[in-house]
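Undergrad: Pasting work_0.txt here (compact mmCIF, C-alpha atoms):
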# COMPACT_ATOMS: atom_id res chain seq x y z
CA MET A 1 80.52 92.60 108.95
CA ALA A 2 81.51 91.29 112.36
CA ILE A 3 84.78 92.61 113.62
CA PHE A 4 84.60 93.85 117.16
CA PRO A 5 82.30 92.43 119.84
CA GLN A 6 80.96 95.68 121.17
CA THR A 7 79.79 96.93 117.79
CA GLN A 8 78.78 93.92 115.74
CA ALA A 9 76.32 91.17 116.49
CA SER A 10 77.60 88.66 113.99
CA VAL A 11 80.65 87.84 116.06
CA GLN A 12 78.34 85.06 117.17
CA PRO A 13 77.41 83.72 113.74
CA SER A 14 74.40 81.54 113.22
CA SER A 15 76.64 78.66 112.18
CA GLY A 16 77.78 78.30 115.79
CA THR A 17 75.66 76.91 118.58
CA ALA A 18 75.20 79.61 121.18
CA GLU A 19 75.91 78.40 124.67
CA PRO A 20 74.38 80.36 127.55
CA VAL A 21 77.18 81.62 129.73
CA THR A 22 75.06 81.28 132.87
CA ALA A 23 74.67 77.55 132.27
CA HIS A 24 78.33 77.00 133.01
CA PRO A 25 79.33 79.25 135.89
CA GLU A 26 82.70 77.48 136.21
CA ARG A 27 83.68 78.81 132.79
CA PRO A 28 85.06 82.38 132.67
CA PRO A 29 82.31 84.32 130.81
CA ALA A 30 84.59 87.29 130.14
CA LEU A 31 86.70 85.11 127.83
CA ARG A 32 83.82 84.06 125.59
CA HIS A 33 83.95 87.20 123.49
CA ILE A 34 87.75 87.64 123.39
CA GLY A 35 88.32 87.11 119.70
CA PRO A 36 91.54 87.09 117.65
CA ASN A 37 91.08 90.82 117.00
CA TRP A 38 92.57 91.44 120.46
CA TYR A 39 96.03 90.69 119.05
CA ALA A 40 95.73 94.08 117.33
CA VAL A 41 96.36 95.65 120.75
CA VAL A 42 99.69 93.81 120.95
CA MET A 43 100.66 94.72 117.39
CA GLY A 44 99.77 98.36 117.86
CA THR A 45 101.84 98.59 121.03
CA ALA A 46 104.90 96.73 119.75
CA ILE A 47 105.10 98.89 116.63
CA VAL A 48 105.34 102.02 118.77
CA ALA A 49 108.54 100.59 120.26
CA GLY A 50 109.94 99.22 117.01
CA ALA A 51 109.16 102.33 114.95
CA GLY A 52 110.58 104.59 117.65
CA ALA A 53 113.87 102.69 117.54
CA ALA A 54 113.95 102.99 113.73
CA LEU A 55 113.54 106.79 113.60
CA PRO A 56 116.52 108.38 111.83
CA VAL A 57 116.72 111.22 114.37
CA HIS A 58 117.81 111.39 117.97
CA VAL A 59 115.08 112.44 120.39
CA PRO A 60 116.14 112.81 124.05
CA GLY A 61 114.35 110.27 126.23
CA LEU A 62 112.79 108.41 123.29
CA ARG A 63 114.88 105.28 123.79
CA ALA A 64 113.83 104.98 127.42
CA ALA A 65 110.19 105.60 126.50
CA VAL A 66 110.08 102.96 123.76
CA THR A 67 111.77 100.50 126.09
CA VAL A 68 108.85 100.91 128.49
CA VAL A 69 106.42 100.48 125.60
CA TRP A 70 108.25 97.30 124.54
CA ALA A 71 107.87 95.91 128.06
CA VAL A 72 104.15 96.70 127.93
CA SER A 73 103.85 94.89 124.58
CA VAL A 74 105.47 91.77 126.07
CA LEU A 75 103.00 91.79 128.96
CA LEU A 76 100.10 92.34 126.58
CA LEU A 77 101.23 89.45 124.38
CA ALA A 78 101.35 87.14 127.38
CA ALA A 79 97.93 88.32 128.58
CA VAL A 80 96.21 87.97 125.21
CA LEU A 81 97.79 84.58 124.55
CA ALA A 82 96.51 83.39 127.94
CA ALA A 83 93.05 84.84 127.32
CA ARG A 84 92.83 83.26 123.87
CA ALA A 85 93.98 79.91 125.28
CA GLY A 86 91.20 80.15 127.87
CA HIS A 87 88.76 81.07 125.10
CA TRP A 88 89.62 77.91 123.15
CA LEU A 89 89.62 75.79 126.29
CA HIS A 90 86.31 76.94 127.74
CA HIS A 91 84.36 78.24 124.71
CA ARG A 92 85.26 75.99 121.82
CA ASP A 93 81.88 76.46 120.18
CA GLN A 94 82.50 80.19 119.93
CA ALA A 95 86.10 79.66 118.80
CA ARG A 96 84.95 77.37 115.99
CA ALA A 97 82.24 79.85 115.08
CA HIS A 98 84.88 82.56 114.74
CA LEU A 99 86.72 80.47 112.15
CA LEU A 100 83.50 80.10 110.18
CA ASP A 101 82.71 83.82 110.31
CA PRO A 102 84.18 85.58 107.23
CA ALA A 103 84.54 88.83 109.21
CA VAL A 104 86.39 87.30 112.18
CA ALA A 105 88.59 84.60 110.61
CA PRO A 106 90.98 87.10 108.92
CA PHE A 107 92.01 88.32 112.38
CA TYR A 108 94.01 85.13 112.86
CA GLY A 109 96.62 86.97 110.83
CA CYS A 110 96.93 89.33 113.80
CA LEU A 111 98.26 86.48 115.94
CA ALA A 112 101.19 86.06 113.58
CA MET A 113 101.89 89.78 113.37
CA ALA A 114 101.69 90.18 117.15
CA LEU A 115 104.35 87.49 117.62
CA LEU A 116 106.55 88.99 114.91
CA ALA A 117 106.18 92.59 116.08
CA VAL A 118 107.07 91.76 119.67
CA GLY A 119 109.99 89.62 118.49
CA GLY A 120 111.40 92.39 116.33
CA ALA A 121 110.97 94.97 119.09
CA THR A 122 112.73 92.62 121.50
CA LEU A 123 115.79 92.43 119.26
CA THR A 124 115.93 96.18 118.59
CA VAL A 125 114.71 97.61 121.89
CA GLY A 126 114.48 94.86 124.49
CA VAL A 127 118.15 94.10 123.99
CA ASP A 128 118.88 97.02 126.33
CA VAL A 129 117.06 95.20 129.12
CA ILE A 130 117.62 91.47 128.66
CA GLY A 131 120.89 91.44 126.75
CA ALA A 132 121.83 90.52 123.20
CA ARG A 133 121.82 86.75 123.62
CA ALA A 134 118.41 86.52 125.29
CA ALA A 135 116.92 89.06 122.87
CA LEU A 136 118.15 87.07 119.88
CA ALA A 137 116.81 83.82 121.30
CA ALA A 138 113.42 85.36 122.00
CA ASP A 139 113.22 86.86 118.53
CA VAL A 140 114.13 83.57 116.86
CA VAL A 141 111.36 81.74 118.73
CA LEU A 142 108.77 84.44 118.01
CA PHE A 143 109.88 84.76 114.39
CA VAL A 144 109.58 81.04 113.70
CA ALA A 145 106.20 80.80 115.45
CA GLY A 146 104.87 83.98 113.85
CA THR A 147 106.02 83.01 110.38
CA ALA A 148 104.47 79.54 110.66
CA VAL A 149 101.15 80.98 111.85
CA GLY A 150 101.25 83.73 109.22
CA LEU A 151 101.87 81.37 106.32
CA ALA A 152 99.15 79.04 107.59
CA ALA A 153 96.68 81.93 107.91
CA ALA A 154 97.56 83.18 104.42
CA VAL A 155 96.44 79.80 103.04
CA VAL A 156 93.69 78.69 105.44
CA VAL A 157 91.69 81.92 105.60
CA PRO A 158 91.36 82.35 101.80
CA PHE A 159 90.58 78.62 101.56
CA LEU A 160 87.76 79.01 104.09
CA MET A 161 86.48 82.09 102.26
CA VAL A 162 86.16 80.04 99.08
CA VAL A 163 84.74 76.79 100.42
CA ARG A 164 82.87 77.82 103.58
CA HIS A 165 82.43 81.57 104.02
CA ARG A 166 81.26 82.47 100.52
CA PRO A 167 81.03 86.25 101.19
CA ALA A 168 78.39 88.06 99.18
CA PRO A 169 79.41 90.35 96.30
CA GLY A 170 80.20 93.86 97.45
CA THR A 171 81.24 92.84 100.98
CA ALA A 172 85.01 93.06 100.50
CA SER A 173 86.68 94.55 103.56
CA PRO A 174 90.15 95.92 104.37
CA VAL A 175 90.16 93.22 107.08
CA TRP A 176 90.69 90.66 104.31
CA LEU A 177 94.26 91.98 104.03
CA LEU A 178 95.23 90.90 107.56
CA PRO A 179 96.20 87.26 106.85
CA LEU A 180 97.88 88.33 103.61
CA VAL A 181 100.14 90.97 105.11
CA ALA A 182 101.48 88.67 107.85
CA PRO A 183 104.13 87.09 105.55
CA MET A 184 105.26 90.61 104.65
CA VAL A 185 105.89 91.27 108.34
CA SER A 186 107.95 88.08 108.40
CA ALA A 187 109.95 89.37 105.44
CA SER A 188 110.89 92.57 107.23
CA GLN A 189 111.53 90.94 110.60
CA GLY A 190 113.56 88.15 109.00
CA ALA A 191 115.99 90.78 107.77
CA LEU A 192 116.95 91.43 111.39
CA LEU A 193 118.05 87.80 111.76
CA VAL A 194 120.04 87.47 108.53
CA PRO A 195 123.29 88.94 109.96
CA HIS A 196 123.13 86.53 112.89
CA LEU A 197 123.48 83.50 110.64
CA GLY A 198 126.87 82.25 109.53
CA SER A 199 127.91 83.29 106.04
CA GLY A 200 126.99 80.84 103.32
CA GLN A 201 123.90 78.94 102.28
CA GLY A 202 121.92 79.55 105.47
CA ARG A 203 122.20 83.33 105.33
CA GLU A 204 121.41 83.47 101.62
CA ALA A 205 118.47 81.08 102.04
CA LEU A 206 116.90 83.22 104.75
CA LEU A 207 117.35 86.40 102.70
CA LEU A 208 115.74 84.88 99.60
CA ALA A 209 112.98 83.28 101.70
CA CYS A 210 112.17 86.76 103.01
CA TYR A 211 111.99 88.07 99.44
CA ALA A 212 109.70 85.15 98.57
CA MET A 213 107.37 86.08 101.44
CA PHE A 214 107.52 89.68 100.29
CA GLY A 215 106.40 88.56 96.83
CA LEU A 216 103.57 86.29 97.93
CA SER A 217 102.17 88.95 100.23
CA LEU A 218 102.50 91.73 97.65
CA LEU A 219 100.81 89.79 94.86
CA ALA A 220 98.01 88.62 97.15
CA THR A 221 97.46 92.24 98.22
CA LEU A 222 97.24 93.32 94.59
CA VAL A 223 94.44 90.79 94.14
CA VAL A 224 92.39 91.93 97.16
CA LEU A 225 92.94 95.70 97.18
CA PRO A 226 90.92 96.34 93.97
CA LEU A 227 88.00 94.46 95.56
CA VAL A 228 88.13 96.74 98.58
CA PHE A 229 88.16 99.91 96.50
CA ALA A 230 85.39 98.59 94.24
CA ARG A 231 83.26 97.96 97.33
CA LEU A 232 83.74 101.58 98.42
CA VAL A 233 82.98 103.01 95.00
CA HIS A 234 79.90 100.89 94.29
CA HIS A 235 78.42 100.60 97.80
CA GLY A 236 79.52 103.79 99.54
CA PRO A 237 81.43 104.39 102.79
CA LEU A 238 81.85 101.69 105.41
CA PRO A 239 79.60 101.76 108.50
CA LEU A 240 80.77 104.32 111.03
CA ALA A 241 82.40 101.91 113.49
CA LEU A 242 84.29 100.17 110.69
CA THR A 243 85.61 103.28 108.97
CA PRO A 244 89.00 103.14 110.78
CA THR A 245 89.69 99.78 109.11
CA LEU A 246 90.50 101.75 105.95
CA PHE A 247 93.87 102.37 107.61
CA LEU A 248 94.59 98.64 107.29
CA VAL A 249 95.40 99.19 103.63
CA LEU A 250 98.50 101.08 104.77
CA GLY A 251 99.83 97.86 106.32
CA PRO A 252 101.01 96.05 103.18
CA LEU A 253 102.17 99.34 101.65
CA GLY A 254 104.30 100.49 104.57
CA GLN A 255 105.44 96.99 105.51
CA SER A 256 106.57 96.16 101.99
CA THR A 257 108.58 99.39 101.85
CA THR A 258 110.10 98.50 105.21
CA ALA A 259 110.91 94.99 104.03
CA VAL A 260 112.76 95.96 100.85
CA ASN A 261 114.84 98.55 102.71
CA GLN A 262 115.75 96.27 105.61
CA LEU A 263 116.56 93.39 103.27
CA ALA A 264 118.73 95.71 101.17
CA ASP A 265 120.69 96.58 104.33
CA VAL A 266 121.68 92.95 104.92
CA ALA A 267 121.95 91.76 101.30
CA PRO A 268 125.69 92.60 100.87
CA GLY A 269 126.67 89.97 103.44
CA ALA A 270 124.32 87.32 102.08
CA VAL A 271 124.49 87.38 98.26
CA ALA A 272 127.03 88.25 95.61
CA ALA A 273 127.81 91.88 94.82
CA PRO A 274 125.72 92.29 91.63
CA TYR A 275 122.58 91.10 93.39
CA ALA A 276 123.32 93.02 96.58
CA SER A 277 123.59 96.32 94.72
CA ALA A 278 120.46 95.48 92.73
CA PHE A 279 118.53 94.88 95.94
CA GLY A 280 119.70 98.28 97.19
CA ALA A 281 118.46 99.99 94.03
CA PHE A 282 115.19 98.06 94.17
CA ALA A 283 114.57 99.30 97.72
CA VAL A 284 114.44 102.91 96.48
CA LEU A 285 112.82 102.26 93.10
CA TYR A 286 110.03 100.26 94.75
CA GLY A 287 109.75 102.10 98.04
CA VAL A 288 109.35 105.67 96.84
CA PRO A 289 106.34 105.06 94.53
CA VAL A 290 104.66 102.80 97.08
CA MET A 291 105.17 105.36 99.83
CA GLY A 292 103.58 107.93 97.54
CA PHE A 293 100.51 105.72 97.14
CA ALA A 294 100.47 105.10 100.90
CA LEU A 295 100.29 108.86 101.51
CA LEU A 296 97.44 109.13 98.99
CA TRP A 297 95.53 106.36 100.78
CA LEU A 298 96.31 107.93 104.15
CA ALA A 299 94.72 111.19 103.01
CA LEU A 300 91.65 109.32 101.76
CA ALA A 301 91.35 107.32 104.99
CA VAL A 302 91.73 110.41 107.16
CA ALA A 303 89.02 112.19 105.17
CA MET A 304 86.66 109.22 105.60
CA VAL A 305 87.37 109.04 109.34
CA VAL A 306 86.72 112.78 109.74
CA ARG A 307 83.42 112.32 107.91
CA ALA A 308 82.50 109.39 110.12
CA ALA A 309 83.43 111.34 113.27
CA ARG A 310 81.16 114.20 112.22
CA ASN A 311 78.36 111.69 111.72
CA GLY A 312 78.71 110.29 115.23
CA MET A 313 81.43 107.65 115.09
CA GLY A 314 82.32 106.60 118.63
CA PHE A 315 85.08 104.45 120.03
CA ALA A 316 85.42 100.89 118.86
CA MET A 317 88.31 98.46 118.82
CA THR A 318 88.68 99.41 115.15
CA TRP A 319 90.66 102.39 116.44
CA TRP A 320 93.66 100.05 116.70
CA ALA A 321 93.79 100.20 112.91
CA PHE A 322 95.29 103.66 113.43
CA THR A 323 98.42 102.14 114.98
CA PHE A 324 100.22 99.21 113.35
CA PRO A 325 99.59 100.22 109.70
CA VAL A 326 100.82 103.75 110.37
CA GLY A 327 103.81 102.31 112.22
CA THR A 328 104.81 100.35 109.12
CA CYS A 329 104.78 103.61 107.16
CA VAL A 330 107.09 105.11 109.81
CA THR A 331 109.62 102.30 109.39
CA GLY A 332 109.21 102.43 105.60
CA ALA A 333 109.89 106.17 105.47
CA ALA A 334 112.81 105.75 107.86
CA GLY A 335 114.31 103.08 105.60
CA LEU A 336 113.97 105.29 102.55
CA ALA A 337 115.54 108.19 104.43
CA ARG A 338 118.45 105.93 105.35
CA HIS A 339 119.05 104.87 101.74
CA THR A 340 118.49 108.22 100.05
CA GLY A 341 119.74 110.66 102.68
CA LEU A 342 116.71 112.84 101.92
CA ASP A 343 115.72 115.06 104.85
CA ALA A 344 112.10 115.22 103.63
CA LEU A 345 111.75 111.49 104.23
CA THR A 346 113.27 111.83 107.68
CA TRP A 347 110.70 114.42 108.68
CA LEU A 348 107.94 112.35 107.09
CA ALA A 349 108.93 109.48 109.38
CA VAL A 350 108.92 111.82 112.39
CA ALA A 351 105.49 113.26 111.51
CA LEU A 352 103.99 109.81 111.02
CA TYR A 353 105.49 108.66 114.32
CA ALA A 354 103.89 111.61 116.11
CA PHE A 355 100.53 110.55 114.63
CA LEU A 356 101.22 106.96 115.70
CA ALA A 357 102.00 107.97 119.28
CA VAL A 358 98.82 110.02 119.62
CA ALA A 359 96.69 107.26 118.04
CA TRP A 360 98.21 104.62 120.33
CA ALA A 361 97.59 106.72 123.42
CA ALA A 362 93.97 107.36 122.40
CA ALA A 363 93.21 103.74 121.48
CA GLY A 364 95.00 102.40 124.54
CA THR A 365 93.23 104.72 126.96
CA ARG A 366 89.78 103.98 125.57
CA THR A 367 90.49 100.23 125.44
CA ALA A 368 91.64 100.15 129.06
CA ARG A 369 88.51 102.05 130.09
CA GLY A 370 86.25 99.65 128.18
CA LEU A 371 88.08 96.63 129.53
CA PHE A 372 87.80 97.66 133.16
CA SER A 373 84.14 98.60 132.72
CA GLY A 374 83.40 95.24 131.08
CA ALA A 375 82.02 96.84 127.92
CA LEU A 376 84.63 95.23 125.68
CA THR A 377 84.16 91.72 127.05
CA ALA A 378 80.36 91.79 127.07
CA ALA A 379 78.19 90.00 124.54
CA PRO A 380 77.97 91.81 121.20
CA VAL A 381 75.23 94.35 120.74
CA PRO A 382 73.11 94.09 117.56
CA PRO A 383 74.08 96.87 115.13
CA ARG A 384 71.64 99.69 114.50
CA PRO A 385 69.82 99.66 111.17
CA ALA A 386 71.72 101.41 108.38
CA THR A 387 70.76 105.04 107.85
CA ALA A 388 71.89 107.82 105.61
CA ARG A 389 74.54 108.62 108.23
CA THR A 390 76.18 105.22 107.90
CA ARG A 391 76.06 104.87 104.14
Translate the structure of the given file into structure tokens.

TA:
Amino acid sequence: MAIFPQTQASVQPSSGTAEPVTAHPERPPALRHIGPNWYAVVMGTAIVAGAGAALPVHVPGLRAAVTVVWAVSVLLLAAVLAARAGHWLHHRDQARAHLLDPAVAPFYGCLAMALLAVGGATLTVGVDVIGARAALAADVVLFVAGTAVGLAAAVVVPFLMVVRHRPAPGTASPVWLLPLVAPMVSASQGALLVPHLGSGQGREALLLACYAMFGLSLLATLVVLPLVFARLVHHGPLPLALTPTLFLVLGPLGQSTTAVNQLADVAPGAVAAPYASAFGAFAVLYGVPVMGFALLWLALAVAMVVRAARNGMGFAMTWWAFTFPVGTCVTGAAGLARHTGLDALTWLAVALYAFLAVAWAAAGTRTARGLFSGALTAAPVPPRPATARTR
């Protein structure tokens, strides 16, 4: 499975025509191997700001800290967008090859989630810096763009998997969830915009559209998740470098819990009373069981990562899977705490946020080191043959 350039060779699939970088010195060689997976850095940073703002407790200095993190996420989004534009401009053969690689194509869902995450953080955190009007305008632009890309990825990537990729049996990966969870992020971020619309048809339409995106993402996840677990049961643990991707399963779980709680908050001003109260009840009746399953999967994923670390797992860009999915569980737990008033859920959100902050610092530090050294922009290294330690 090809996911990150420094660990997997198939980022340059055989279906693409390899172009020697040295043959075109005017083209920036460092951009050739900047794939769509780099948007995970933006997502993982923006969620630290957004989840910090959503915590149901007051922590001195936290607001200032997450504001700095939000500013970093904006800069990262601009940098990755520019790098990816250069990649498509100068290395179109590699860009087309990425779309035809079943392990890389799902990462186009990360583009949508990066736009949405930064937009949501701008409205909740960046408002302190740029003002309410500018923050709302920025979020609207990023929400519309992110939702359009996310819905397109949710259709195009599965279509390519069926007609072009044809993955072999037993190769299901948590990465397959990435384009499917993007509409769920739109559902939760759309809730932030509902109150800003005038009362009437427009507000109700946006609310129900968000619930529709919640449904399509949830049902698509329920189709793919059994394939992922079956792959683990029948074929054993993932290769060491890919083990952190197990955390990606938390994404649709935490994000769906976040979505139903945030939509329940704004439902009273958008739909009639019977439906508004029903949405509020649904937020708790759905969110609590799903959060329970998320904690079960978190325990399983942590155990698999500890096993992989003992067997020699080193740093890879897969470490960013420790950030955004966990962040969605933070916002999900915070939403449940808000609707139930249960202190246990408040402290669960705080504990998960502490994990998120440590994971973000670790992944960010190692990524910056690899970027400055050139290791993360170099040509992919062929993976080592599978051994008992990686099975």

Undergrad: Tell me, in Å to one decimal, how far CA of His165 (chain A) is from CA of Pro102 (chain A).

TA: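 Interatomic distance, CA of His165 (chain A) to CA of Pro102 (chain A): 5.4 Å.
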
Undergrad: Hey, which bits of region 211-232 of chain A sit within 10 Å of region 245-268 of chain A, and for each residue what's the closest pair of atoms and how far apart in Å (one decimal), counting only C-alpha atoms, rows by chain and increasing number, as JSON lines?

TA:
{"residue": "A:Tyr211", "atom": "CA", "partner": "A:Leu263", "partner_atom": "CA", "distance": 8.0}
{"residue": "A:Met213", "atom": "CA", "partner": "A:Ala259", "partner_atom": "CA", "distance": 9.9}
{"residue": "A:Phe214", "atom": "CA", "partner": "A:Ser256", "partner_atom": "CA", "distance": 6.8}
{"residue": "A:Gly215", "atom": "CA", "partner": "A:Ser256", "partner_atom": "CA", "distance": 9.2}
{"residue": "A:Ser217", "atom": "CA", "partner": "A:Pro252", "partner_atom": "CA", "distance": 7.8}
{"residue": "A:Leu218", "atom": "CA", "partner": "A:Pro252", "partner_atom": "CA", "distance": 7.2}
{"residue": "A:Thr221", "atom": "CA", "partner": "A:Pro252", "partner_atom": "CA", "distance": 7.2}
{"residue": "A:Leu222", "atom": "CA", "partner": "A:Pro252", "partner_atom": "CA", "distance": 9.8}
{"residue": "A:Leu225", "atom": "CA", "partner": "A:Val249", "partner_atom": "CA", "distance": 7.7}
{"residue": "A:Val228", "atom": "CA", "partner": "A:Val249", "partner_atom": "CA", "distance": 9.2}
{"residue": "A:Phe229", "atom": "CA", "partner": "A:Leu246", "partner_atom": "CA", "distance": 9.9}

Undergrad: Any idea what's packed within 9 Å of Ala359 (chain A), counting all atoms listed in the file, ignoring anything in its chain fewer than 5 positions away? Could you give it as a PyMOL selection string?

TA: chain A and resi 319-320+322-323+354+364

Undergrad: Starting from the point (117.9, 85.8, 107.0), work out which residues of protein, DNA or RNA have an atom no more than 10 Å away when counting only C-alpha atoms; state them as a ChimeraX atom specification.

TA: /A:187-198,202-211,263,266-267,270

Undergrad: Taking all atoms listed in the file into account, which of A:Val271, A:Leu336, A:Ala294, A:Leu160 comes nearest Leu100 (chain A)?

TA: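 Of all the options, A:Leu160 lies closest to Leu100 (chain A).
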
Undergrad: For Ala152 (chain A), work out the shell of residues within 12 Å, counting only C-alpha atoms and skipping chain neighbours fewer than 2 positions away, then give it as a PyMOL selection string.

TA: chain A and resi 106+108-109+111-112+145-150+154-160+179-180+182-183

Undergrad: Between A:Pro325, A:Gly126, A:Pro167, A:Gly314, which residue has the minimum interatomic distance to Tyr353 (chain A), considering only C-alpha atoms?

TA: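 Smallest separation from Tyr353 (chain A) among the options: A:Pro325.
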
Undergrad: I'd like the interatomic distance between CA of Ala40 (chain A) and CA of Ala103 (chain A), to a tenth of an Å.

TA: 14.8 Å

Undergrad: Return the single residue from A:Trp176, A:Val306, A:Trp297, A:Ala137 that is closest to Val223 (chain A), with distances computed using all atoms listed in the file.

TA: A:Trp176

Undergrad: Could the centre and edge lengths of an axis-aligned box, enclosing all atoms of region 318-327 of chain A in the file with 4 Å extra on each side, be given in Å to one decimal as JSON?

TA:
{"center_x": 96.2, "center_y": 101.5, "center_z": 113.2, "size_x": 23.1, "size_y": 12.5, "size_z": 15.0}

Undergrad: Per residue of region 104-205 of chain A within 12 Å of region 43-55 of chain A, note the shortest atom pair and the distance in Å to one decimal, counting all atoms listed in the file, and order the rows by chain and increasing residue number, as CSV.

TA:
residue,atom,partner,partner_atom,distance
A:Phe107,CA,A:Met43,CA,11.9
A:Gly109,CA,A:Met43,CA,10.9
A:Cys110,CA,A:Met43,CA,7.5
A:Leu111,CA,A:Met43,CA,8.7
A:Ala112,CA,A:Met43,CA,9.5
A:Met113,CA,A:Met43,CA,6.5
A:Ala114,CA,A:Met43,CA,4.7
A:Leu115,CA,A:Met43,CA,8.1
A:Leu116,CA,A:Met43,CA,8.6
A:Ala117,CA,A:Ala46,CA,5.7
A:Val118,CA,A:Ala46,CA,5.4
A:Gly119,CA,A:Ala46,CA,8.8
A:Gly120,CA,A:Gly50,CA,7.0
A:Ala121,CA,A:Gly50,CA,4.8
A:Thr122,CA,A:Gly50,CA,8.5
A:Leu123,CA,A:Gly50,CA,9.2
A:Thr124,CA,A:Gly50,CA,6.9
A:Val125,CA,A:Ala53,CA,6.7
A:Gly126,CA,A:Ala49,CA,9.3
A:Val127,CA,A:Ala53,CA,11.6
A:Asp128,CA,A:Ala53,CA,11.6
A:Leu178,CA,A:Met43,CA,11.9
A:Ala182,CA,A:Met43,CA,11.3
A:Val185,CA,A:Met43,CA,11.0
A:Ser188,CA,A:Gly50,CA,11.9
A:Gln189,CA,A:Gly50,CA,10.6
A:Leu192,CA,A:Gly50,CA,11.9

Undergrad: For Trp347 (chain A), list every protein, DNA or RNA residue within 9 Å, evaluated using all atoms listed in the file, and leave out those in the same chain fewer than 6 positions away; present the list as a ChimeraX atom specification.

TA: /A:56-57,333-334,337

Undergrad: Compare A:Val129, A:Val224, A:Cys329, A:Leu285 by their minimum atom-to-atom distance to Val66 (chain A), counting only C-alpha atoms, and give me the closest one.

TA: A:Val129

Undergrad: Between CA of Met313 (chain A) and CA of Leu242 (chain A), measure the distance and give it in Å to one decimal.

TA: 9.1 Å

Undergrad: Give as JSON, numbers by chain every residue, naming chains and numbers as the document does, that has an atom within 6 Å of (86.5, 88.7, 129.5), counting all atoms listed in the file.

TA: {"A": [30, 31, 377]}
